[in-house]
file model.cif (mmCIF, C-alpha atoms)
data_final
loop_
_atom_site.group_PDB
_atom_site.id
_atom_site.type_symbol
_atom_site.label_atom_id
_atom_site.label_comp_id
_atom_site.auth_asym_id
_atom_site.auth_seq_id
_atom_site.Cartn_x
_atom_site.Cartn_y
_atom_site.Cartn_z
ATOM 1 C CA TYR A 1 30.521 -3.750 23.761
ATOM 2 C CA ALA A 2 30.090 0.026 23.429
ATOM 3 C CA GLU A 3 33.878 0.414 23.453
ATOM 4 C CA ASN A 4 34.229 -1.816 20.376
ATOM 5 C CA VAL A 5 31.603 0.166 18.462
ATOM 6 C CA TYR A 6 33.415 3.385 19.368
ATOM 7 C CA HIS A 7 36.809 2.147 18.131
ATOM 8 C CA THR A 8 35.579 0.423 14.949
ATOM 9 C CA GLY A 9 32.842 2.914 14.030
ATOM 10 C CA PHE A 10 30.619 -0.033 13.207
ATOM 11 C CA GLY A 11 27.866 -2.084 14.807
ATOM 12 C CA ASP A 12 24.598 -3.847 14.080
ATOM 13 C CA CYS A 13 21.303 -2.794 15.669
ATOM 14 C CA LYS A 14 22.262 -4.431 18.964
ATOM 15 C CA GLY A 15 25.708 -2.830 19.112
ATOM 16 C CA LEU A 16 24.585 0.634 18.030
ATOM 17 C CA THR A 17 21.663 0.644 20.459
ATOM 18 C CA ASN A 18 23.929 -0.420 23.312
ATOM 19 C CA TYR A 19 26.451 2.250 22.283
ATOM 20 C CA THR A 20 23.769 4.976 22.273
ATOM 21 C CA ARG A 21 22.519 3.777 25.655
ATOM 22 C CA ALA A 22 26.066 3.952 27.078
ATOM 23 C CA MET A 23 26.519 7.545 25.847
ATOM 24 C CA LEU A 24 23.203 8.603 27.354
ATOM 25 C CA SER A 25 24.094 6.997 30.673
ATOM 26 C CA VAL A 26 27.228 9.169 30.873
ATOM 27 C CA LEU A 27 24.863 12.159 30.712
ATOM 28 C CA ASN A 28 22.628 10.601 33.379
ATOM 29 C CA ILE A 29 19.818 10.117 30.865
ATOM 30 C CA PRO A 30 18.039 6.801 31.504
ATOM 31 C CA SER A 31 17.135 4.602 28.532
ATOM 32 C CA THR A 32 15.887 1.087 27.927
ATOM 33 C CA TYR A 33 17.186 -1.512 25.497
ATOM 34 C CA THR A 34 14.140 -2.518 23.451
ATOM 35 C CA ILE A 35 13.597 -5.634 21.332
ATOM 36 C CA ILE A 36 11.124 -5.547 18.437
ATOM 37 C CA ASN A 37 10.103 -7.260 15.199
ATOM 38 C CA THR A 38 10.057 -5.164 12.009
ATOM 39 C CA GLU A 39 7.778 -7.611 10.168
ATOM 40 C CA ASN A 40 5.245 -8.850 12.706
ATOM 41 C CA GLU A 41 3.248 -6.450 14.860
ATOM 42 C CA ASN A 42 2.412 -8.843 17.687
ATOM 43 C CA PHE A 43 4.407 -10.762 20.281
ATOM 44 C CA HIS A 44 3.086 -13.943 21.855
ATOM 45 C CA ALA A 45 3.235 -12.787 25.458
ATOM 46 C CA ASP A 46 2.810 -16.289 26.886
ATOM 47 C CA PHE A 47 5.608 -17.843 24.822
ATOM 48 C CA ALA A 48 9.252 -16.914 25.454
ATOM 49 C CA SER A 49 11.283 -17.127 22.239
ATOM 50 C CA ALA A 50 14.123 -15.026 20.841
ATOM 51 C CA ASN A 51 12.850 -15.831 17.347
ATOM 52 C CA GLN A 52 9.919 -13.505 17.855
ATOM 53 C CA ALA A 53 12.194 -10.477 17.380
ATOM 54 C CA ASN A 54 14.652 -9.374 14.696
ATOM 55 C CA HIS A 55 15.631 -5.827 15.667
ATOM 56 C CA VAL A 56 16.651 -3.598 18.576
ATOM 57 C CA ILE A 57 15.845 0.066 19.262
ATOM 58 C CA LEU A 58 16.161 2.345 22.284
ATOM 59 C CA GLN A 59 13.457 3.785 24.512
ATOM 60 C CA VAL A 60 14.162 7.088 26.280
ATOM 61 C CA PRO A 61 11.419 8.005 28.784
ATOM 62 C CA LEU A 62 10.877 11.756 29.088
ATOM 63 C CA ALA A 63 8.863 13.828 31.523
ATOM 64 C CA LYS A 64 5.863 14.257 29.208
ATOM 65 C CA ASP A 65 6.570 11.796 26.405
ATOM 66 C CA THR A 66 8.630 8.797 25.332
ATOM 67 C CA LEU A 67 11.371 8.960 22.720
ATOM 68 C CA TRP A 68 11.909 5.886 20.532
ATOM 69 C CA ILE A 69 15.327 5.990 18.845
ATOM 70 C CA GLU A 70 16.183 4.039 15.711
ATOM 71 C CA CYS A 71 19.953 3.824 16.192
ATOM 72 C CA THR A 72 20.784 2.121 12.885
ATOM 73 C CA ASN A 73 19.417 4.660 10.383
ATOM 74 C CA PRO A 74 20.889 8.168 10.671
ATOM 75 C CA GLN A 75 18.780 9.323 7.702
ATOM 76 C CA LEU A 76 15.641 9.292 9.832
ATOM 77 C CA PRO A 77 14.971 12.196 12.219
ATOM 78 C CA LEU A 78 15.619 11.477 15.891
ATOM 79 C CA GLY A 79 12.532 10.005 17.521
ATOM 80 C CA TYR A 80 10.595 9.374 14.311
ATOM 81 C CA ILE A 81 8.790 6.029 14.529
ATOM 82 C CA HIS A 82 9.179 4.596 11.050
ATOM 83 C CA HIS A 83 6.738 2.240 9.344
ATOM 84 C CA SER A 84 8.634 -0.963 10.208
ATOM 85 C CA ILE A 85 8.135 -0.451 13.951
ATOM 86 C CA ALA A 86 5.129 1.872 14.321
ATOM 87 C CA GLY A 87 2.283 0.096 16.105
ATOM 88 C CA HIS A 88 4.421 -2.980 16.847
ATOM 89 C CA ASP A 89 4.805 -4.791 20.157
ATOM 90 C CA ALA A 90 8.204 -4.248 21.797
ATOM 91 C CA LEU A 91 9.947 -5.937 24.721
ATOM 92 C CA LEU A 92 11.501 -3.434 27.133
ATOM 93 C CA VAL A 93 14.508 -4.976 28.900
ATOM 94 C CA THR A 94 14.207 -3.345 32.322
ATOM 95 C CA PRO A 95 16.119 -4.093 35.553
ATOM 96 C CA GLU A 96 12.910 -5.651 36.882
ATOM 97 C CA GLY A 97 12.475 -7.900 33.849
ATOM 98 C CA GLY A 98 10.887 -7.786 30.412
ATOM 99 C CA VAL A 99 7.836 -5.617 29.800
ATOM 100 C CA ILE A 100 5.804 -5.740 26.574
ATOM 101 C CA HIS A 101 4.771 -2.336 25.281
ATOM 102 C CA ARG A 102 3.105 -1.371 22.008
ATOM 103 C CA LEU A 103 4.709 1.518 20.109
ATOM 104 C CA PRO A 104 2.455 4.350 18.979
ATOM 105 C CA THR A 105 1.483 4.763 15.350
ATOM 106 C CA TYR A 106 0.451 7.732 13.233
ATOM 107 C CA PRO A 107 -3.032 8.334 11.787
ATOM 108 C CA ASP A 108 -3.383 7.234 8.154
ATOM 109 C CA SER A 109 -4.404 10.784 7.232
ATOM 110 C CA LEU A 110 -0.873 12.032 8.054
ATOM 111 C CA ASN A 111 0.778 9.714 5.504
ATOM 112 C CA THR A 112 0.267 12.285 2.775
ATOM 113 C CA GLN A 113 1.422 13.133 -0.696
ATOM 114 C CA LEU A 114 0.344 16.491 -2.136
ATOM 115 C CA ASN A 115 1.028 17.449 -5.753
ATOM 116 C CA THR A 116 0.553 21.130 -6.602
ATOM 117 C CA VAL A 117 0.826 21.432 -10.372
ATOM 118 C CA ASN A 118 0.696 24.296 -12.874
ATOM 119 C CA ILE A 119 0.489 23.384 -16.571
ATOM 120 C CA ILE A 120 0.859 25.914 -19.399
ATOM 121 C CA LEU A 121 -0.540 24.324 -22.552
ATOM 122 C CA ALA A 122 0.510 25.564 -26.012
ATOM 123 C CA ASN A 123 -1.582 25.604 -29.213
ATOM 124 C CA ASN A 124 0.258 22.550 -30.597
ATOM 125 C CA GLY A 125 -0.160 20.397 -27.485
ATOM 126 C CA ASN A 126 3.259 21.122 -26.003
ATOM 127 C CA ALA A 127 3.305 21.908 -22.297
ATOM 128 C CA GLU A 128 5.521 23.324 -19.599
ATOM 129 C CA ILE A 129 4.710 21.926 -16.165
ATOM 130 C CA ASP A 130 5.764 23.067 -12.695
ATOM 131 C CA VAL A 131 5.399 20.480 -9.907
ATOM 132 C CA LEU A 132 5.746 20.818 -6.138
ATOM 133 C CA GLN A 133 5.299 17.492 -4.364
ATOM 134 C CA LYS A 134 5.122 17.303 -0.566
ATOM 135 C CA ASN A 135 5.566 13.862 1.041
ATOM 136 C CA SER A 136 4.953 13.231 4.744
ATOM 137 C CA LEU A 137 5.647 10.341 7.161
ATOM 138 C CA LEU A 138 5.278 7.007 5.352
ATOM 139 C CA GLN A 139 5.399 8.697 1.949
ATOM 140 C CA TYR A 140 8.411 10.691 3.148
ATOM 141 C CA GLU A 141 10.175 7.400 3.909
ATOM 142 C CA SER A 142 9.404 5.993 0.467
ATOM 143 C CA ILE A 143 10.981 8.981 -1.303
ATOM 144 C CA LEU A 144 13.887 9.766 1.030
ATOM 145 C CA ASP A 145 16.512 7.657 -0.750
ATOM 146 C CA LEU A 146 15.674 9.322 -4.077
ATOM 147 C CA SER A 147 17.242 12.613 -2.947
ATOM 148 C CA GLN A 148 20.609 10.807 -2.571
ATOM 149 C CA ALA A 149 20.403 8.973 -5.918
ATOM 150 C CA PRO A 150 22.293 10.049 -9.092
ATOM 151 C CA LEU A 151 20.496 12.675 -11.152
ATOM 152 C CA ASP A 152 19.698 10.290 -14.011
ATOM 153 C CA LYS A 153 18.053 7.883 -11.546
ATOM 154 C CA GLN A 154 15.983 10.724 -10.104
ATOM 155 C CA LYS A 155 14.769 11.687 -13.578
ATOM 156 C CA ASP A 156 13.977 8.063 -14.464
ATOM 157 C CA TYR A 157 11.935 7.705 -11.265
ATOM 158 C CA ILE A 158 9.922 10.849 -11.972
ATOM 159 C CA ARG A 159 9.315 9.823 -15.600
ATOM 160 C CA SER A 160 8.088 6.413 -14.470
ATOM 161 C CA ASN A 161 5.462 8.097 -12.288
ATOM 162 C CA ILE A 162 3.973 10.475 -14.852
ATOM 163 C CA GLY A 163 1.821 9.391 -17.768
ATOM 164 C CA LEU A 164 3.704 11.109 -20.571
ATOM 165 C CA ILE A 165 5.378 9.384 -23.516
ATOM 166 C CA GLN A 166 8.025 12.079 -23.836
ATOM 167 C CA ALA A 167 9.131 14.266 -20.946
ATOM 168 C CA GLU A 168 12.215 16.304 -20.124
ATOM 169 C CA ILE A 169 12.656 16.628 -16.354
ATOM 170 C CA THR A 170 14.371 19.835 -15.226
ATOM 171 C CA ASN A 171 15.522 21.701 -12.101
ATOM 172 C CA ILE A 172 14.973 19.002 -9.475
ATOM 173 C CA LYS A 173 15.224 20.436 -5.951
ATOM 174 C CA TYR A 174 14.660 18.829 -2.558
ATOM 175 C CA LYS A 175 13.855 20.291 0.828
ATOM 176 C CA GLU A 176 13.721 17.966 3.814
ATOM 177 C CA HIS A 177 11.924 18.920 7.005
ATOM 178 C CA ARG A 178 13.515 16.845 9.775
ATOM 179 C CA GLU A 179 10.840 17.306 12.398
ATOM 180 C CA SER A 180 8.829 15.045 14.694
ATOM 181 C CA LEU A 181 6.443 14.616 11.738
ATOM 182 C CA PRO A 182 9.020 14.664 8.925
ATOM 183 C CA SER A 183 8.383 15.508 5.295
ATOM 184 C CA ILE A 184 10.288 16.144 2.096
ATOM 185 C CA ASP A 185 9.437 18.478 -0.793
ATOM 186 C CA ILE A 186 10.409 17.781 -4.406
ATOM 187 C CA HIS A 187 10.188 20.702 -6.821
ATOM 188 C CA TYR A 188 10.804 20.055 -10.511
ATOM 189 C CA GLY A 189 9.800 21.046 -14.021
ATOM 190 C CA ILE A 190 8.573 19.048 -17.023
ATOM 191 C CA LYS A 191 8.788 19.997 -20.680
ATOM 192 C CA THR A 192 6.892 17.843 -23.164
ATOM 193 C CA ASN A 193 5.641 17.969 -26.735
ATOM 194 C CA LYS A 194 3.270 15.055 -26.081
ATOM 195 C CA TYR A 195 0.980 16.358 -23.348
ATOM 196 C CA SER A 196 -2.145 16.036 -25.496
ATOM 197 C CA ASN A 197 -3.330 13.766 -28.271
ATOM 198 C CA ASN A 198 -4.322 15.966 -31.196
ATOM 199 C CA THR A 199 -6.893 14.839 -33.771
ATOM 200 C CA GLY A 200 -8.045 17.370 -36.348
ATOM 201 C CA LYS A 201 -9.473 20.356 -34.469
ATOM 202 C CA ARG A 202 -9.471 18.630 -31.081
ATOM 203 C CA MET A 203 -7.060 18.126 -28.198
ATOM 204 C CA PHE A 204 -7.499 15.245 -25.766
ATOM 205 C CA LEU A 205 -5.920 16.092 -22.396
ATOM 206 C CA PRO A 206 -5.232 13.636 -19.568
ATOM 207 C CA LEU A 207 -7.002 14.629 -16.371
ATOM 208 C CA ASN A 208 -4.184 13.541 -14.043
ATOM 209 C CA ILE A 209 -0.788 12.361 -15.331
ATOM 210 C CA PHE A 210 0.494 11.712 -11.794
ATOM 211 C CA ARG A 211 -1.667 8.645 -11.051
ATOM 212 C CA HIS A 212 -1.328 6.708 -14.298
ATOM 213 C CA ASN A 213 0.277 3.813 -12.375
ATOM 214 C CA PHE A 214 -2.840 3.376 -10.246
ATOM 215 C CA LYS A 215 -4.340 -0.047 -10.979
ATOM 216 C CA SER A 216 -7.291 -1.750 -9.337
ATOM 217 C CA PRO A 217 -6.743 -5.354 -8.154
ATOM 218 C CA PRO A 218 -8.065 -8.293 -10.196
ATOM 219 C CA LYS A 219 -11.559 -9.531 -9.600
ATOM 220 C CA SER A 220 -11.964 -12.863 -7.855
ATOM 221 C CA GLU A 221 -14.913 -15.230 -8.126
ATOM 222 C CA GLU A 222 -14.488 -16.320 -4.536
ATOM 223 C CA ARG A 223 -12.103 -14.656 -2.102
ATOM 224 C CA MET A 224 -10.761 -17.218 0.369
ATOM 225 C CA HIS A 225 -8.791 -15.049 2.800
ATOM 226 C CA ASP A 226 -9.510 -11.836 4.670
ATOM 227 C CA ILE A 227 -8.137 -8.550 3.347
ATOM 228 C CA ASN A 228 -5.240 -6.827 5.095
ATOM 229 C CA ILE A 229 -4.543 -3.254 4.029
ATOM 230 C CA LYS A 230 -1.267 -2.694 5.834
ATOM 231 C CA TYR A 231 -0.665 1.018 5.235
ATOM 232 C CA GLY A 232 -3.150 3.865 4.998
ATOM 233 C CA HIS A 233 -2.449 7.108 3.162
ATOM 234 C CA MET A 234 -3.872 10.318 1.738
ATOM 235 C CA ASP A 235 -3.024 11.456 -1.830
ATOM 236 C CA THR A 236 -4.088 14.911 -3.035
ATOM 237 C CA ASP A 237 -3.523 16.406 -6.487
ATOM 238 C CA SER A 238 -4.230 20.059 -7.228
ATOM 239 C CA ILE A 239 -3.728 20.689 -10.951
ATOM 240 C CA ASN A 240 -4.183 23.990 -12.774
ATOM 241 C CA ILE A 241 -4.180 23.877 -16.605
ATOM 242 C CA SER A 242 -3.806 27.178 -18.463
ATOM 243 C CA LEU A 243 -5.429 26.731 -21.873
ATOM 244 C CA PRO A 244 -4.330 28.333 -25.165
ATOM 245 C CA ASP A 245 -6.541 31.230 -26.251
ATOM 246 C CA ASN A 246 -7.718 29.670 -29.525
ATOM 247 C CA PHE A 247 -9.209 26.551 -27.907
ATOM 248 C CA THR A 248 -12.444 26.084 -26.016
ATOM 249 C CA ILE A 249 -13.613 23.284 -23.744
ATOM 250 C CA GLU A 250 -15.851 20.820 -25.587
ATOM 251 C CA SER A 251 -16.290 18.328 -22.748
ATOM 252 C CA MET A 252 -14.812 17.370 -19.411
ATOM 253 C CA PRO A 253 -15.615 14.870 -16.653
ATOM 254 C CA LYS A 254 -18.166 15.648 -13.987
ATOM 255 C CA SER A 255 -17.177 16.027 -10.364
ATOM 256 C CA TYR A 256 -17.338 12.768 -8.446
ATOM 257 C CA GLN A 257 -17.342 11.495 -4.840
ATOM 258 C CA ILE A 258 -17.422 8.050 -3.270
ATOM 259 C CA ASN A 259 -17.217 7.009 0.394
ATOM 260 C CA THR A 260 -16.710 3.392 1.494
ATOM 261 C CA PRO A 261 -15.517 1.473 4.575
ATOM 262 C CA PHE A 262 -12.062 1.327 2.914
ATOM 263 C CA GLY A 263 -11.724 5.073 2.403
ATOM 264 C CA TYR A 264 -13.003 7.783 0.119
ATOM 265 C CA PHE A 265 -12.246 9.531 -3.151
ATOM 266 C CA SER A 266 -13.291 12.893 -4.561
ATOM 267 C CA SER A 267 -12.678 14.647 -7.859
ATOM 268 C CA PHE A 268 -13.719 18.267 -8.374
ATOM 269 C CA ILE A 269 -13.231 20.151 -11.651
ATOM 270 C CA SER A 270 -13.925 23.853 -12.162
ATOM 271 C CA ILE A 271 -13.296 26.523 -14.797
ATOM 272 C CA ASN A 272 -11.886 29.970 -14.089
ATOM 273 C CA GLY A 273 -11.473 31.975 -17.273
ATOM 274 C CA ASN A 274 -8.868 30.160 -19.378
ATOM 275 C CA ASN A 275 -7.912 27.850 -16.526
ATOM 276 C CA ILE A 276 -9.153 24.428 -15.504
ATOM 277 C CA LEU A 277 -8.631 23.523 -11.853
ATOM 278 C CA ILE A 278 -8.675 19.827 -10.946
ATOM 279 C CA THR A 279 -8.602 18.661 -7.320
ATOM 280 C CA GLN A 280 -8.529 14.924 -6.624
ATOM 281 C CA ARG A 281 -8.186 13.359 -3.174
ATOM 282 C CA PHE A 282 -7.832 9.668 -2.321
ATOM 283 C CA TYR A 283 -7.848 8.405 1.260
ATOM 284 C CA MET A 284 -7.141 4.726 1.931
ATOM 285 C CA LYS A 285 -7.642 3.290 5.423
ATOM 286 C CA LYS A 286 -5.364 0.739 7.013
ATOM 287 C CA GLY A 287 -7.266 -2.217 8.360
ATOM 288 C CA LYS A 288 -8.434 -5.797 8.118
ATOM 289 C CA TYR A 289 -11.617 -6.613 6.250
ATOM 290 C CA LYS A 290 -13.673 -9.742 5.652
ATOM 291 C CA ALA A 291 -13.123 -11.799 2.516
ATOM 292 C CA ASN A 292 -16.721 -11.186 1.394
ATOM 293 C CA GLU A 293 -15.939 -7.423 1.203
ATOM 294 C CA TYR A 294 -13.386 -7.937 -1.577
ATOM 295 C CA THR A 295 -15.876 -7.275 -4.388
ATOM 296 C CA GLN A 296 -16.782 -3.932 -2.800
ATOM 297 C CA LEU A 297 -13.083 -3.035 -2.466
ATOM 298 C CA VAL A 298 -12.397 -3.858 -6.133
ATOM 299 C CA SER A 299 -15.388 -1.760 -7.220
ATOM 300 C CA PHE A 300 -14.147 1.180 -5.126
ATOM 301 C CA LEU A 301 -10.655 1.027 -6.645
ATOM 302 C CA GLU A 302 -11.992 0.510 -10.183
ATOM 303 C CA ASN A 303 -14.004 3.716 -9.853
ATOM 304 C CA ILE A 304 -10.877 5.572 -8.721
ATOM 305 C CA GLU A 305 -8.828 4.167 -11.608
ATOM 306 C CA LYS A 306 -11.509 5.337 -14.024
ATOM 307 C CA GLN A 307 -11.527 8.848 -12.547
ATOM 308 C CA TYR A 308 -7.734 9.141 -12.709
ATOM 309 C CA ASN A 309 -7.819 8.131 -16.409
ATOM 310 C CA GLU A 310 -10.539 10.547 -17.527
ATOM 311 C CA GLN A 311 -9.886 13.101 -20.300
ATOM 312 C CA ILE A 312 -10.704 16.693 -21.119
ATOM 313 C CA ILE A 313 -11.537 17.484 -24.767
ATOM 314 C CA LEU A 314 -10.685 20.884 -26.233
ATOM 315 C CA LYS A 315 -11.922 22.162 -29.612
ATOM 316 C CA LEU A 316 -10.355 24.777 -31.870
ATOM 317 C CA LYS A 317 -12.412 27.963 -31.956
ATOM 318 C CA GLU A 318 -14.123 28.727 -35.264
#
call {"tool": "encode", "arguments": {"input": "model.cif", "output": "structure tokens"}}
result
Amino acid sequence: YAENVYHTGFGDCKGLTNYTRAMLSVLNIPSTYTIINTENENFHADFASANQANHVILQVPLAKDTLWIECTNPQLPLGYIHHSIAGHDALLVTPEGGVIHRLPTYPDSLNTQLNTVNIILANNGNAEIDVLQKNSLLQYESILDLSQAPLDKQKDYIRSNIGLIQAEITNIKYKEHRESLPSIDIHYGIKTNKYSNNTGKRMFLPLNIFRHNFKSPPKSEERMHDINIKYGHMDTDSINISLPDNFTIESMPKSYQINTPFGYFSSFISINGNNILITQRFYMKKGKYKANEYTQLVSFLENIEKQYNEQIILKLKE
């Protein structure tokens, strides 16, 4: 009952949804109790079974749109359709009976992470790094809890996602944009004395320290099952490296592009005075693919892994 939720301040998805619906009804705002499954996208419309659902949300029909309210997670912006329900079948419990409706979903290209990075490299291979990371929609969800974690946990998480042996993480700041398409910014600094590997007169610089965890899947002699890529996303890294005056570029990777049915990847590298600008973009499409396409998928991801792990070689000026 809504009254019990009000007095106890507690309720599960069913109780909180019913409570929200009761409050809206007092304001003469119609809403519909909605049953959904957070794991399976589809309902079997010709088979009545309560076991097909495991969650309840609220539908609020508006004049020009429909608001879907997740009543159990106050961290999420009102009306944001999170990844566990986006694109899923839902059963609307209306006065006329149950109606199956599919929730909308967001384009893969809006599930973005953008790293804007400035690196000042010293003569001895030390570096000071400034990072602004913008995470939207699905990638916003994956990072949201981090802003509430203890500071040491935040630093450990950042360290685990950058390819540096030694790194001091400083000045972590968050800015959340609680909008219909929510996002969260993380701004932080890195100080390291292990940015490059130095050998004699040469420095070996990593091309992109922010994707060192990227691994291609294992090869398979014969794939038995179809491929299901459940979540699509877009990752973009814009990295500017300011070089020390007494070093020159000996070699660096060539620009690279690849486009496949699964998505695309591009890597562009340019020189502007004493600065190297690296822009890498990886777009992965959600979808289901045939088992015989697995080899092509592995090849695509292997090429991306190789590009992320490329190096730039600097040489001491004579």
call {"tool": "residues_around", "arguments": {"input": "model.cif", "residues": "Thr248 in chain A", "least_positions_apart": "5", "cutoff": "9 Å", "atoms": "only C-alpha atoms", "output": "list in words"}}
result
Leu243, Asn274, Ile313, Leu314, Lys315, Leu316 and Lys317 of chain A
call {"tool": "resolve_selection", "arguments": {"input": "model.cif", "expression": "the PyMOL selection byres ((chain A and resi 38) around 9)", "output": "mmCIF file with C-alpha atoms, in the coordinates of the input"}}
result
data_model
loop_
_atom_site.group_PDB
_atom_site.id
_atom_site.type_symbol
_atom_site.label_atom_id
_atom_site.label_comp_id
_atom_site.auth_asym_id
_atom_site.auth_seq_id
_atom_site.Cartn_x
_atom_site.Cartn_y
_atom_site.Cartn_z
ATOM 1 C CA ILE A 36 11.124 -5.547 18.437
ATOM 2 C CA ASN A 37 10.103 -7.260 15.199
ATOM 3 C CA GLU A 39 7.778 -7.611 10.168
ATOM 4 C CA ASN A 40 5.245 -8.850 12.706
ATOM 5 C CA GLU A 41 3.248 -6.450 14.860
ATOM 6 C CA ALA A 53 12.194 -10.477 17.380
ATOM 7 C CA ASN A 54 14.652 -9.374 14.696
ATOM 8 C CA HIS A 55 15.631 -5.827 15.667
ATOM 9 C CA HIS A 83 6.738 2.240 9.344
ATOM 10 C CA SER A 84 8.634 -0.963 10.208
ATOM 11 C CA ILE A 85 8.135 -0.451 13.951
ATOM 12 C CA ALA A 86 5.129 1.872 14.321
ATOM 13 C CA HIS A 88 4.421 -2.980 16.847
#
call {"tool": "closest_atom_pairs", "arguments": {"input": "model.cif", "of": "range 90-135 of chain A", "to": "range 217-235 of chain A", "cutoff": "9 Å", "atoms": "all atoms listed in the file", "output": "CSV"}}
result
residue,atom,partner,partner_atom,distance
A:Pro107,CA,A:Gly232,CA,8.1
A:Asp108,CA,A:Gly232,CA,4.6
A:Ser109,CA,A:Met234,CA,5.5
A:Leu110,CA,A:His233,CA,7.1
A:Asn111,CA,A:His233,CA,4.8
A:Thr112,CA,A:Met234,CA,4.7
A:Gln113,CA,A:Asp235,CA,4.9
A:Leu114,CA,A:Asp235,CA,6.1
A:Asn115,CA,A:Asp235,CA,8.2
call {"tool": "resolve_selection", "arguments": {"input": "model.cif", "expression": "the PyMOL selection byres ((chain A and resi 309) around 12)", "output": "PyMOL selection string"}}
result
chain A and resi 163+204-215+252-253+267+280+302-308+310-312
call {"tool": "residues_around", "arguments": {"input": "model.cif", "residues": "Ala45 in chain A", "least_positions_apart": "3", "cutoff": "10 Å", "atoms": "only C-alpha atoms", "output": "PyMOL selection string"}}
result
chain A and resi 42+48-49+89+91+99-100
call {"tool": "closest_residue", "arguments": {"input": "model.cif", "among": "A:Ile239, A:Leu144, A:Cys71, A:Leu297", "to": "His177 in chain A", "atoms": "all atoms listed in the file"}}
result
A:Leu144
call {"tool": "closest_residue", "arguments": {"input": "model.cif", "among": "A:Gln52, A:Thr192, A:Asn4, A:Gln139", "to": "Ala90 in chain A", "atoms": "only C-alpha atoms"}}
result
A:Gln52
call {"tool": "closest_residue", "arguments": {"input": "model.cif", "among": "A:Ile172, A:Ile190, A:Ile184, A:Ile29", "to": "Ser136 in chain A", "atoms": "all atoms listed in the file"}}
result
A:Ile184
call {"tool": "resolve_selection", "arguments": {"input": "model.cif", "expression": "the PyMOL selection byres ((chain A and resi 16) around 10)", "output": "list in words"}}
result
Tyr1, Ala2, Val5, Tyr6, Gly9, Phe10, Gly11, Asp12, Cys13, Lys14, Gly15, Thr17, Asn18, Tyr19, Thr20, Arg21, Ala22, Val56, Ile57, Leu58, Glu70, Cys71 and Thr72 of chain A
call {"tool": "residues_around", "arguments": {"input": "model.cif", "residues": "Pro77 in chain A", "least_positions_apart": "5", "cutoff": "10 Å", "atoms": "all atoms listed in the file", "output": "PDB file with C-alpha atoms, in the coordinates of the input"}}
result
ATOM      1  CA  ILE A  69      15.327   5.990  18.845  1.00  0.00           C
ATOM      2  CA  GLU A  70      16.183   4.039  15.711  1.00  0.00           C
ATOM      3  CA  HIS A  82       9.179   4.596  11.050  1.00  0.00           C
ATOM      4  CA  HIS A 177      11.924  18.920   7.005  1.00  0.00           C
ATOM      5  CA  ARG A 178      13.515  16.845   9.775  1.00  0.00           C
ATOM      6  CA  GLU A 179      10.840  17.306  12.398  1.00  0.00           C
ATOM      7  CA  SER A 180       8.829  15.045  14.694  1.00  0.00           C
ATOM      8  CA  LEU A 181       6.443  14.616  11.738  1.00  0.00           C
ATOM      9  CA  PRO A 182       9.020  14.664   8.925  1.00  0.00           C
TER      10      PRO A 182
END
call {"tool": "atom_distance", "arguments": {"input": "model.cif", "atom1": "CA of Tyr140 in chain A", "atom2": "CA of Phe265 in chain A"}}
result
21.6 Å
